[in-house]
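Just input_0.pdb here, PDB, C-alpha atoms, pLDDT in the B column:
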```pdb
ATOM      1  CA  MET A1317    -134.321 -80.795   3.619  1.00 55.00           C
ATOM      2  CA  MET A1318    -135.471 -77.151   3.585  1.00 55.00           C
ATOM      3  CA  LYS A1319    -136.103 -77.175   7.326  1.00 60.00           C
ATOM      4  CA  GLU A1320    -132.396 -77.823   7.849  1.00 63.00           C
ATOM      5  CA  ILE A1321    -131.589 -74.449   6.250  1.00 72.00           C
ATOM      6  CA  PRO A1322    -131.700 -71.520   8.745  1.00 69.00           C
ATOM      7  CA  ARG A1323    -135.068 -69.774   8.346  1.00 72.00           C
ATOM      8  CA  GLU A1324    -133.558 -66.422   7.340  1.00 71.00           C
ATOM      9  CA  GLU A1325    -131.589 -68.133   4.537  1.00 75.00           C
ATOM     10  CA  ARG A1326    -134.546 -69.943   3.010  1.00 80.00           C
ATOM     11  CA  PRO A1327    -135.418 -68.475  -0.424  1.00 81.00           C
ATOM     12  CA  TYR A1328    -138.885 -67.157   0.442  1.00 82.00           C
ATOM     13  CA  GLU A1329    -137.823 -65.586   3.737  1.00 87.00           C
ATOM     14  CA  LYS A1330    -134.636 -64.237   2.145  1.00 87.00           C
ATOM     15  CA  CYS A1331    -136.717 -62.600  -0.580  1.00 87.00           C
ATOM     16  CA  GLN A1332    -138.912 -60.931   2.029  1.00 88.00           C
ATOM     17  CA  ARG A1333    -135.804 -59.582   3.725  1.00 88.00           C
ATOM     18  CA  LEU A1334    -133.648 -58.590   0.723  1.00 89.00           C
ATOM     19  CA  GLY A1335    -136.054 -58.440  -2.209  1.00 90.00           C
ATOM     20  CA  PRO A1336    -135.757 -60.460  -5.455  1.00 86.00           C
ATOM     21  CA  LYS A1337    -132.461 -58.814  -6.410  1.00 87.00           C
ATOM     22  CA  GLY A1338    -130.844 -60.350  -3.354  1.00 88.00           C
ATOM     23  CA  LEU A1339    -131.525 -63.908  -4.529  1.00 87.00           C
ATOM     24  CA  SER A1340    -129.392 -66.165  -6.685  1.00 88.00           C
ATOM     25  CA  ASP A1341    -130.852 -67.752  -9.833  1.00 86.00           C
ATOM     26  CA  SER A1342    -131.480 -71.000  -7.932  1.00 86.00           C
ATOM     27  CA  GLU A1343    -133.194 -69.149  -5.101  1.00 88.00           C
ATOM     28  CA  LEU A1344    -135.453 -67.229  -7.502  1.00 87.00           C
ATOM     29  CA  LEU A1345    -136.581 -70.475  -9.119  1.00 86.00           C
ATOM     30  CA  ALA A1346    -137.038 -72.083  -5.711  1.00 86.00           C
ATOM     31  CA  VAL A1347    -139.472 -69.334  -4.684  1.00 86.00           C
ATOM     32  CA  ILE A1348    -141.528 -69.996  -7.810  1.00 83.00           C
ATOM     33  CA  LEU A1349    -141.405 -73.789  -7.416  1.00 82.00           C
ATOM     34  CA  ARG A1350    -142.523 -73.256  -3.789  1.00 76.00           C
ATOM     35  CA  SER A1351    -142.232 -76.844  -2.588  1.00 71.00           C
ATOM     36  CA  GLY A1352    -139.998 -79.823  -3.132  1.00 62.00           C
ATOM     37  CA  THR A1353    -140.632 -83.511  -2.918  1.00 66.00           C
ATOM     38  CA  SER A1354    -139.529 -86.384  -0.745  1.00 62.00           C
ATOM     39  CA  GLY A1355    -135.764 -86.121  -0.310  1.00 68.00           C
ATOM     40  CA  VAL A1356    -135.386 -83.075  -2.615  1.00 74.00           C
ATOM     41  CA  ASN A1357    -136.180 -79.549  -1.499  1.00 78.00           C
ATOM     42  CA  CYS A1358    -137.208 -76.799  -3.917  1.00 81.00           C
ATOM     43  CA  LEU A1359    -133.733 -75.221  -3.832  1.00 84.00           C
ATOM     44  CA  GLU A1360    -132.096 -78.462  -4.935  1.00 84.00           C
ATOM     45  CA  MET A1361    -134.787 -78.909  -7.562  1.00 85.00           C
ATOM     46  CA  ALA A1362    -134.100 -75.411  -8.914  1.00 86.00           C
ATOM     47  CA  SER A1363    -130.379 -76.180  -9.127  1.00 85.00           C
ATOM     48  CA  GLN A1364    -131.131 -79.301 -11.162  1.00 86.00           C
ATOM     49  CA  VAL A1365    -133.250 -77.263 -13.580  1.00 85.00           C
ATOM     50  CA  LEU A1366    -130.383 -74.828 -14.147  1.00 85.00           C
ATOM     51  CA  LYS A1367    -127.914 -77.678 -14.654  1.00 83.00           C
ATOM     52  CA  LEU A1368    -130.199 -79.254 -17.241  1.00 82.00           C
ATOM     53  CA  ALA A1369    -129.845 -76.203 -19.490  1.00 73.00           C
ATOM     54  CA  GLN A1370    -126.713 -76.726 -21.582  1.00 66.00           C
ATOM     55  CA  PRO A1371    -124.474 -74.254 -23.485  1.00 60.00           C
ATOM     56  CA  PRO A1372    -124.792 -72.134 -25.498  1.00 56.00           C
ATOM     57  CA  CYS A1373    -128.061 -71.367 -23.689  1.00 59.00           C
ATOM     58  CA  GLU A1374    -127.419 -72.216 -20.089  1.00 62.00           C
ATOM     59  CA  GLY A1375    -128.714 -71.024 -16.743  1.00 68.00           C
ATOM     60  CA  LEU A1376    -131.981 -69.091 -16.653  1.00 73.00           C
ATOM     61  CA  LEU A1377    -131.824 -68.390 -20.392  1.00 70.00           C
ATOM     62  CA  GLY A1378    -131.691 -72.112 -21.075  1.00 75.00           C
ATOM     63  CA  ILE A1379    -135.088 -72.726 -19.448  1.00 80.00           C
ATOM     64  CA  TYR A1380    -136.708 -71.263 -22.561  1.00 75.00           C
ATOM     65  CA  HIS A1381    -135.272 -74.142 -24.603  1.00 74.00           C
ATOM     66  CA  LEU A1382    -136.244 -76.992 -22.279  1.00 82.00           C
ATOM     67  CA  SER A1383    -139.214 -79.103 -23.276  1.00 86.00           C
ATOM     68  CA  LEU A1384    -141.901 -80.136 -20.805  1.00 90.00           C
ATOM     69  CA  LYS A1385    -140.673 -83.722 -21.130  1.00 91.00           C
ATOM     70  CA  GLU A1386    -137.114 -82.717 -20.189  1.00 88.00           C
ATOM     71  CA  LEU A1387    -138.308 -80.715 -17.194  1.00 88.00           C
ATOM     72  CA  MET A1388    -140.491 -83.555 -15.950  1.00 90.00           C
ATOM     73  CA  GLU A1389    -137.474 -85.870 -15.884  1.00 88.00           C
ATOM     74  CA  ILE A1390    -136.260 -83.937 -12.833  1.00 86.00           C
ATOM     75  CA  PRO A1391    -137.497 -85.605  -9.614  1.00 84.00           C
ATOM     76  CA  GLY A1392    -140.348 -83.628  -8.107  1.00 83.00           C
ATOM     77  CA  ILE A1393    -141.278 -81.724 -11.271  1.00 86.00           C
ATOM     78  CA  GLY A1394    -144.601 -82.765 -12.714  1.00 87.00           C
ATOM     79  CA  ALA A1395    -146.723 -81.200 -15.418  1.00 90.00           C
ATOM     80  CA  VAL A1396    -147.797 -78.231 -13.264  1.00 87.00           C
ATOM     81  CA  LYS A1397    -144.299 -77.187 -12.188  1.00 86.00           C
ATOM     82  CA  GLY A1398    -142.956 -77.902 -15.676  1.00 88.00           C
ATOM     83  CA  ILE A1399    -145.536 -75.626 -17.298  1.00 90.00           C
ATOM     84  CA  GLN A1400    -144.812 -72.925 -14.710  1.00 87.00           C
ATOM     85  CA  LEU A1401    -141.132 -73.026 -15.650  1.00 86.00           C
ATOM     86  CA  GLN A1402    -141.909 -72.863 -19.378  1.00 86.00           C
ATOM     87  CA  CYS A1403    -144.127 -69.840 -18.763  1.00 88.00           C
ATOM     88  CA  ILE A1404    -141.280 -68.145 -16.887  1.00 83.00           C
ATOM     89  CA  GLY A1405    -139.048 -68.570 -19.945  1.00 78.00           C
ATOM     90  CA  GLU A1406    -141.710 -67.193 -22.296  1.00 79.00           C
ATOM     91  CA  LEU A1407    -142.511 -64.301 -19.971  1.00 81.00           C
ATOM     92  CA  SER A1408    -138.851 -63.252 -19.791  1.00 75.00           C
ATOM     93  CA  VAL A1409    -138.617 -63.174 -23.601  1.00 70.00           C
ATOM     94  CA  ARG A1410    -141.787 -61.086 -23.926  1.00 76.00           C
ATOM     95  CA  LEU A1411    -140.697 -58.623 -21.238  1.00 76.00           C
ATOM     96  CA  ALA A1412    -137.368 -58.116 -22.995  1.00 69.00           C
ATOM     97  CA  ALA A1413    -139.173 -57.489 -26.300  1.00 67.00           C
ATOM     98  CA  MET A1414    -141.572 -54.975 -24.720  1.00 72.00           C
ATOM     99  CA  GLN A1415    -138.676 -53.048 -23.211  1.00 70.00           C
ATOM    100  CA  ALA A1416    -136.864 -52.939 -26.561  1.00 63.00           C
ATOM    101  CA  LYS A1417    -140.026 -51.800 -28.397  1.00 69.00           C
ATOM    102  CA  GLU A1418    -139.964 -48.450 -26.599  1.00 69.00           C
ATOM    103  CA  SER A1419    -136.884 -47.367 -28.575  1.00 68.00           C
ATOM    104  CA  LEU A1420    -137.757 -49.106 -31.870  1.00 82.00           C
ATOM    105  CA  VAL A1421    -137.064 -47.000 -34.985  1.00 88.00           C
ATOM    106  CA  PHE A1422    -137.130 -48.974 -38.240  1.00 90.00           C
ATOM    107  CA  THR A1423    -134.469 -46.814 -39.888  1.00 90.00           C
ATOM    108  CA  ARG A1424    -132.022 -47.487 -37.031  1.00 92.00           C
ATOM    109  CA  PRO A1425    -130.757 -51.084 -37.299  1.00 93.00           C
ATOM    110  CA  GLU A1426    -129.508 -51.219 -33.712  1.00 93.00           C
ATOM    111  CA  THR A1427    -133.034 -50.633 -32.379  1.00 90.00           C
ATOM    112  CA  VAL A1428    -134.565 -53.148 -34.800  1.00 92.00           C
ATOM    113  CA  ALA A1429    -132.006 -55.784 -33.821  1.00 91.00           C
ATOM    114  CA  ARG A1430    -132.597 -55.108 -30.135  1.00 87.00           C
ATOM    115  CA  TYR A1431    -136.351 -55.526 -30.505  1.00 85.00           C
ATOM    116  CA  TYR A1432    -136.310 -58.716 -32.591  1.00 88.00           C
ATOM    117  CA  MET A1433    -133.285 -60.239 -30.846  1.00 84.00           C
ATOM    118  CA  GLU A1434    -135.240 -61.881 -28.034  1.00 74.00           C
ATOM    119  CA  ARG A1435    -137.798 -63.204 -30.468  1.00 77.00           C
ATOM    120  CA  PHE A1436    -135.375 -64.886 -32.844  1.00 83.00           C
ATOM    121  CA  ARG A1437    -132.099 -65.617 -31.044  1.00 73.00           C
ATOM    122  CA  HIS A1438    -133.693 -68.637 -29.329  1.00 72.00           C
ATOM    123  CA  GLU A1439    -135.019 -70.196 -32.546  1.00 79.00           C
ATOM    124  CA  GLU A1440    -133.408 -73.443 -33.666  1.00 79.00           C
ATOM    125  CA  GLN A1441    -134.247 -72.862 -37.350  1.00 84.00           C
ATOM    126  CA  GLU A1442    -133.643 -69.872 -39.570  1.00 87.00           C
ATOM    127  CA  ASN A1443    -136.684 -67.664 -40.076  1.00 88.00           C
ATOM    128  CA  LEU A1444    -136.973 -64.875 -42.622  1.00 89.00           C
ATOM    129  CA  LEU A1445    -139.325 -62.124 -41.497  1.00 92.00           C
ATOM    130  CA  CYS A1446    -140.590 -59.332 -43.727  1.00 93.00           C
ATOM    131  CA  VAL A1447    -141.684 -56.159 -41.914  1.00 93.00           C
ATOM    132  CA  MET A1448    -143.885 -53.908 -44.030  1.00 92.00           C
ATOM    133  CA  LEU A1449    -143.839 -50.126 -43.600  1.00 94.00           C
ATOM    134  CA  ASN A1450    -145.645 -47.074 -44.969  1.00 94.00           C
ATOM    135  CA  THR A1451    -144.130 -43.920 -46.506  1.00 93.00           C
ATOM    136  CA  LYS A1452    -143.158 -42.657 -43.032  1.00 92.00           C
ATOM    137  CA  ASN A1453    -141.538 -46.007 -42.156  1.00 92.00           C
ATOM    138  CA  GLN A1454    -144.302 -46.779 -39.710  1.00 90.00           C
ATOM    139  CA  TYR A1455    -145.264 -50.398 -39.031  1.00 88.00           C
ATOM    140  CA  LEU A1456    -148.059 -51.880 -41.145  1.00 90.00           C
ATOM    141  CA  ALA A1457    -147.640 -55.644 -40.789  1.00 90.00           C
ATOM    142  CA  GLU A1458    -145.111 -58.461 -40.696  1.00 89.00           C
ATOM    143  CA  ARG A1459    -144.952 -62.013 -41.965  1.00 90.00           C
ATOM    144  CA  VAL A1460    -142.539 -64.930 -41.735  1.00 89.00           C
ATOM    145  CA  ILE A1461    -141.767 -65.701 -45.380  1.00 87.00           C
ATOM    146  CA  THR A1462    -139.625 -68.813 -44.965  1.00 83.00           C
ATOM    147  CA  THR A1463    -138.557 -71.149 -42.184  1.00 82.00           C
ATOM    148  CA  GLY A1464    -135.373 -73.119 -42.694  1.00 74.00           C
ATOM    149  CA  THR A1465    -132.245 -72.235 -44.667  1.00 61.00           C
ATOM    150  CA  VAL A1466    -132.467 -68.756 -46.152  1.00 53.00           C
ATOM    151  CA  ASN A1467    -131.174 -68.722 -49.724  1.00 49.00           C
ATOM    152  CA  ALA A1468    -132.113 -67.321 -53.093  1.00 43.00           C
ATOM    153  CA  SER A1469    -133.682 -70.528 -54.359  1.00 40.00           C
ATOM    154  CA  LEU A1470    -136.011 -70.986 -51.376  1.00 51.00           C
ATOM    155  CA  ILE A1471    -137.231 -67.413 -51.012  1.00 65.00           C
ATOM    156  CA  SER A1472    -140.334 -66.661 -53.052  1.00 71.00           C
ATOM    157  CA  ALA A1473    -139.974 -63.039 -54.088  1.00 81.00           C
ATOM    158  CA  ARG A1474    -143.444 -63.304 -55.588  1.00 83.00           C
ATOM    159  CA  GLU A1475    -144.967 -64.326 -52.255  1.00 85.00           C
ATOM    160  CA  LEU A1476    -143.027 -61.643 -50.401  1.00 91.00           C
ATOM    161  CA  PHE A1477    -144.073 -58.800 -52.669  1.00 93.00           C
ATOM    162  CA  LEU A1478    -147.672 -59.990 -52.982  1.00 91.00           C
ATOM    163  CA  GLU A1479    -147.822 -59.694 -49.202  1.00 91.00           C
ATOM    164  CA  ALA A1480    -146.210 -56.238 -49.342  1.00 94.00           C
ATOM    165  CA  LEU A1481    -148.695 -55.068 -51.992  1.00 94.00           C
ATOM    166  CA  ARG A1482    -151.609 -56.544 -50.046  1.00 92.00           C
ATOM    167  CA  ASN A1483    -150.596 -54.429 -47.042  1.00 92.00           C
ATOM    168  CA  LYS A1484    -149.921 -51.325 -49.199  1.00 93.00           C
ATOM    169  CA  ALA A1485    -146.290 -51.279 -48.091  1.00 95.00           C
ATOM    170  CA  VAL A1486    -143.949 -48.689 -49.571  1.00 96.00           C
ATOM    171  CA  ASN A1487    -140.841 -49.918 -47.753  1.00 96.00           C
ATOM    172  CA  ILE A1488    -139.903 -53.334 -46.397  1.00 96.00           C
ATOM    173  CA  LEU A1489    -137.351 -54.588 -43.920  1.00 95.00           C
ATOM    174  CA  LEU A1490    -136.008 -58.147 -43.807  1.00 95.00           C
ATOM    175  CA  ILE A1491    -134.893 -59.816 -40.589  1.00 94.00           C
ATOM    176  CA  HIS A1492    -133.576 -63.312 -40.165  1.00 91.00           C
ATOM    177  CA  ASN A1493    -131.723 -65.267 -37.534  1.00 91.00           C
ATOM    178  CA  HIS A1494    -128.662 -67.509 -37.529  1.00 90.00           C
ATOM    179  CA  PRO A1495    -129.170 -70.283 -34.934  1.00 86.00           C
ATOM    180  CA  SER A1496    -125.377 -70.740 -34.784  1.00 86.00           C
ATOM    181  CA  GLY A1497    -125.183 -67.358 -33.041  1.00 87.00           C
ATOM    182  CA  ASP A1498    -122.866 -65.891 -35.696  1.00 91.00           C
ATOM    183  CA  PRO A1499    -124.716 -63.173 -37.652  1.00 93.00           C
ATOM    184  CA  THR A1500    -122.188 -62.976 -40.492  1.00 94.00           C
ATOM    185  CA  PRO A1501    -124.213 -63.075 -43.767  1.00 92.00           C
ATOM    186  CA  SER A1502    -123.537 -66.109 -45.950  1.00 89.00           C
ATOM    187  CA  ARG A1503    -123.150 -65.925 -49.736  1.00 89.00           C
ATOM    188  CA  GLU A1504    -126.721 -67.247 -49.979  1.00 86.00           C
ATOM    189  CA  ASP A1505    -127.969 -64.496 -47.650  1.00 87.00           C
ATOM    190  CA  ILE A1506    -126.355 -61.843 -49.843  1.00 90.00           C
ATOM    191  CA  LEU A1507    -127.676 -63.320 -53.106  1.00 88.00           C
ATOM    192  CA  ALA A1508    -131.198 -63.575 -51.666  1.00 87.00           C
ATOM    193  CA  THR A1509    -131.046 -59.974 -50.484  1.00 91.00           C
ATOM    194  CA  GLN A1510    -129.849 -58.671 -53.841  1.00 91.00           C
ATOM    195  CA  LYS A1511    -132.616 -60.597 -55.614  1.00 89.00           C
ATOM    196  CA  ILE A1512    -135.287 -59.035 -53.386  1.00 92.00           C
ATOM    197  CA  PHE A1513    -133.729 -55.578 -53.698  1.00 93.00           C
ATOM    198  CA  GLN A1514    -133.833 -55.770 -57.514  1.00 92.00           C
ATOM    199  CA  VAL A1515    -137.443 -56.957 -57.615  1.00 92.00           C
ATOM    200  CA  GLY A1516    -138.399 -54.230 -55.141  1.00 94.00           C
ATOM    201  CA  GLU A1517    -136.837 -51.557 -57.357  1.00 94.00           C
ATOM    202  CA  LEU A1518    -139.037 -52.709 -60.253  1.00 93.00           C
ATOM    203  CA  LEU A1519    -142.167 -52.613 -58.075  1.00 93.00           C
ATOM    204  CA  ASP A1520    -141.225 -49.318 -56.397  1.00 95.00           C
ATOM    205  CA  ILE A1521    -141.098 -51.018 -52.986  1.00 96.00           C
ATOM    206  CA  ARG A1522    -137.798 -50.185 -51.313  1.00 95.00           C
ATOM    207  CA  LEU A1523    -135.828 -52.706 -49.285  1.00 96.00           C
ATOM    208  CA  LEU A1524    -134.527 -50.601 -46.383  1.00 95.00           C
ATOM    209  CA  ASP A1525    -132.265 -53.242 -44.869  1.00 96.00           C
ATOM    210  CA  HIS A1526    -131.708 -56.919 -44.199  1.00 96.00           C
ATOM    211  CA  ILE A1527    -130.679 -57.508 -40.598  1.00 95.00           C
ATOM    212  CA  VAL A1528    -129.167 -60.834 -39.590  1.00 94.00           C
ATOM    213  CA  ILE A1529    -129.516 -61.679 -35.915  1.00 93.00           C
ATOM    214  CA  GLY A1530    -127.163 -63.905 -33.957  1.00 90.00           C
ATOM    215  CA  ASP A1531    -126.663 -64.360 -30.232  1.00 84.00           C
ATOM    216  CA  GLN A1532    -126.503 -60.802 -28.830  1.00 85.00           C
ATOM    217  CA  ARG A1533    -124.983 -59.705 -32.155  1.00 91.00           C
ATOM    218  CA  TYR A1534    -126.358 -58.552 -35.480  1.00 94.00           C
ATOM    219  CA  VAL A1535    -125.271 -57.438 -38.948  1.00 96.00           C
ATOM    220  CA  SER A1536    -127.036 -54.754 -40.985  1.00 96.00           C
ATOM    221  CA  MET A1537    -126.462 -55.456 -44.678  1.00 96.00           C
ATOM    222  CA  ARG A1538    -127.084 -51.812 -45.561  1.00 94.00           C
ATOM    223  CA  SER A1539    -124.521 -50.653 -43.010  1.00 93.00           C
ATOM    224  CA  GLU A1540    -122.064 -53.178 -44.480  1.00 93.00           C
ATOM    225  CA  GLY A1541    -122.643 -51.812 -47.980  1.00 92.00           C
ATOM    226  CA  LEU A1542    -124.331 -54.978 -49.249  1.00 90.00           C
ATOM    227  CA  ILE A1543    -127.474 -53.055 -50.240  1.00 87.00           C
ATOM    228  CA  GLU A1544    -127.167 -50.029 -52.539  1.00 74.00           C
TER     229      GLU A1544
END
```
Could you express the structure from this file as structure tokens?
Amino acid sequence: MMKEIPREERPYEKCQRLGPKGLSDSELLAVILRSGTSGVNCLEMASQVLKLAQPPCEGLLGIYHLSLKELMEIPGIGAVKGIQLQCIGELSVRLAAMQAKESLVFTRPETVARYYMERFRHEEQENLLCVMLNTKNQYLAERVITTGTVNASLISARELFLEALRNKAVNILLIHNHPSGDPTPSREDILATQKIFQVGELLDIRLLDHIVIGDQRYVSMRSEGLIE
């Protein structure tokens, strides 16, 4: 039980003394969970949450992928605590995206990948996002064009460019994720990109790049010479 742990080593008291940086992942979660249940203290409960998250997304990162049902299977975690944990996962993703946005420049693929990484690297399906830009490469709008396997036969160039024209875009940028974590473009990715590039040339809407996002890695097709 928590009372058996020396007071100065209990998560809440330890946080008061050392600050959040002085706490382990389990201790941080324990502070948020606040209380345990009969026979299981909040520190033990937090450890079980972290163990539930399996590779490749384990530990704190894995909480983002746990469903409410999975969380509630842990003794002592009901709907309230489960929702709190889900909100922690979502909050961490949004904070990471906000931090990356400060350095976002659409003509620099490393900044684009950094910004969209936290949004897409957790997705279990491929998503193709079209970001629409003006003549100065400033953001106008964005839209997910397809969800699922990205290939030339599934992408509707008509739908993509109708959206670009509707938003008066002069340049577009494509971003999609590989749930496997490996951002290496497939043959289908390359064919789809070339198809969109060619249509864009006819409509005078330039495809700046197609960035494929993996797990903490990315590939810029323009940097790789796959876009003229």
Find, counting all atoms listed in the file, the residue in A:Arg1474, A:Lys1337, A:His1381, A:His1438 that gets nearest to A:Leu1519.
A:Arg1474
Within-10 Å shell of (-142.5, -50.6, -49.5) in input frame, all atoms listed in the file, as an mmCIF file with C-alpha atoms, in the coordinates of the input:
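Below you can see point.cif, which holds the result:
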```cif
data_model
loop_
_atom_site.group_PDB
_atom_site.id
_atom_site.type_symbol
_atom_site.label_atom_id
_atom_site.label_comp_id
_atom_site.auth_asym_id
_atom_site.auth_seq_id
_atom_site.Cartn_x
_atom_site.Cartn_y
_atom_site.Cartn_z
ATOM 1 C CA VAL A 1447 -141.684 -56.159 -41.914
ATOM 2 C CA MET A 1448 -143.885 -53.908 -44.030
ATOM 3 C CA LEU A 1449 -143.839 -50.126 -43.600
ATOM 4 C CA ASN A 1450 -145.645 -47.074 -44.969
ATOM 5 C CA THR A 1451 -144.130 -43.920 -46.506
ATOM 6 C CA ASN A 1453 -141.538 -46.007 -42.156
ATOM 7 C CA PHE A 1477 -144.073 -58.800 -52.669
ATOM 8 C CA ALA A 1480 -146.210 -56.238 -49.342
ATOM 9 C CA LEU A 1481 -148.695 -55.068 -51.992
ATOM 10 C CA ASN A 1483 -150.596 -54.429 -47.042
ATOM 11 C CA LYS A 1484 -149.921 -51.325 -49.199
ATOM 12 C CA ALA A 1485 -146.290 -51.279 -48.091
ATOM 13 C CA VAL A 1486 -143.949 -48.689 -49.571
ATOM 14 C CA ASN A 1487 -140.841 -49.918 -47.753
ATOM 15 C CA ILE A 1488 -139.903 -53.334 -46.397
ATOM 16 C CA LEU A 1489 -137.351 -54.588 -43.920
ATOM 17 C CA GLY A 1516 -138.399 -54.230 -55.141
ATOM 18 C CA GLU A 1517 -136.837 -51.557 -57.357
ATOM 19 C CA LEU A 1519 -142.167 -52.613 -58.075
ATOM 20 C CA ASP A 1520 -141.225 -49.318 -56.397
ATOM 21 C CA ILE A 1521 -141.098 -51.018 -52.986
ATOM 22 C CA ARG A 1522 -137.798 -50.185 -51.313
ATOM 23 C CA LEU A 1523 -135.828 -52.706 -49.285
ATOM 24 C CA LEU A 1524 -134.527 -50.601 -46.383
#
```
Counting all atoms listed in the file, which residue out of A:Leu1490, A:Ile1390, A:Leu1542, A:Leu1444 sits closest to A:Gly1464?
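The shortest atom-to-atom distance to A:Gly1464 comes from A:Leu1444.
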Determine the residue set returned by the PyMOL selection byres ((chain A and resi 1379) around 7) for the present structure, and present it as an mmCIF file with C-alpha atoms, in the frame of the given file.
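Saved as out_25.cif:
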```
data_model
loop_
_atom_site.group_PDB
_atom_site.id
_atom_site.type_symbol
_atom_site.label_atom_id
_atom_site.label_comp_id
_atom_site.auth_asym_id
_atom_site.auth_seq_id
_atom_site.Cartn_x
_atom_site.Cartn_y
_atom_site.Cartn_z
ATOM 1 C CA ALA A 1369 -129.845 -76.203 -19.490
ATOM 2 C CA LEU A 1376 -131.981 -69.091 -16.653
ATOM 3 C CA LEU A 1377 -131.824 -68.390 -20.392
ATOM 4 C CA GLY A 1378 -131.691 -72.112 -21.075
ATOM 5 C CA TYR A 1380 -136.708 -71.263 -22.561
ATOM 6 C CA HIS A 1381 -135.272 -74.142 -24.603
ATOM 7 C CA LEU A 1382 -136.244 -76.992 -22.279
ATOM 8 C CA GLN A 1402 -141.909 -72.863 -19.378
ATOM 9 C CA GLY A 1405 -139.048 -68.570 -19.945
#
```
Please indicate the distance in Å from atom CA of A:Glu1479 to atom CA of A:Gln1532, rounded to one decimal place.
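Separating atom CA of A:Glu1479 from atom CA of A:Gln1532 is a distance of 29.5 Å.
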Could you work out an axis-aligned bounding box for all listed atoms of stretch 1390-1398 of chain A, with 4 Å added on each of the six sides, and give its centre and edge lengths in Å to one decimal, as JSON?
```
{"center_x": -142.0, "center_y": -81.4, "center_z": -11.9, "size_x": 19.5, "size_y": 16.4, "size_z": 15.6}
```
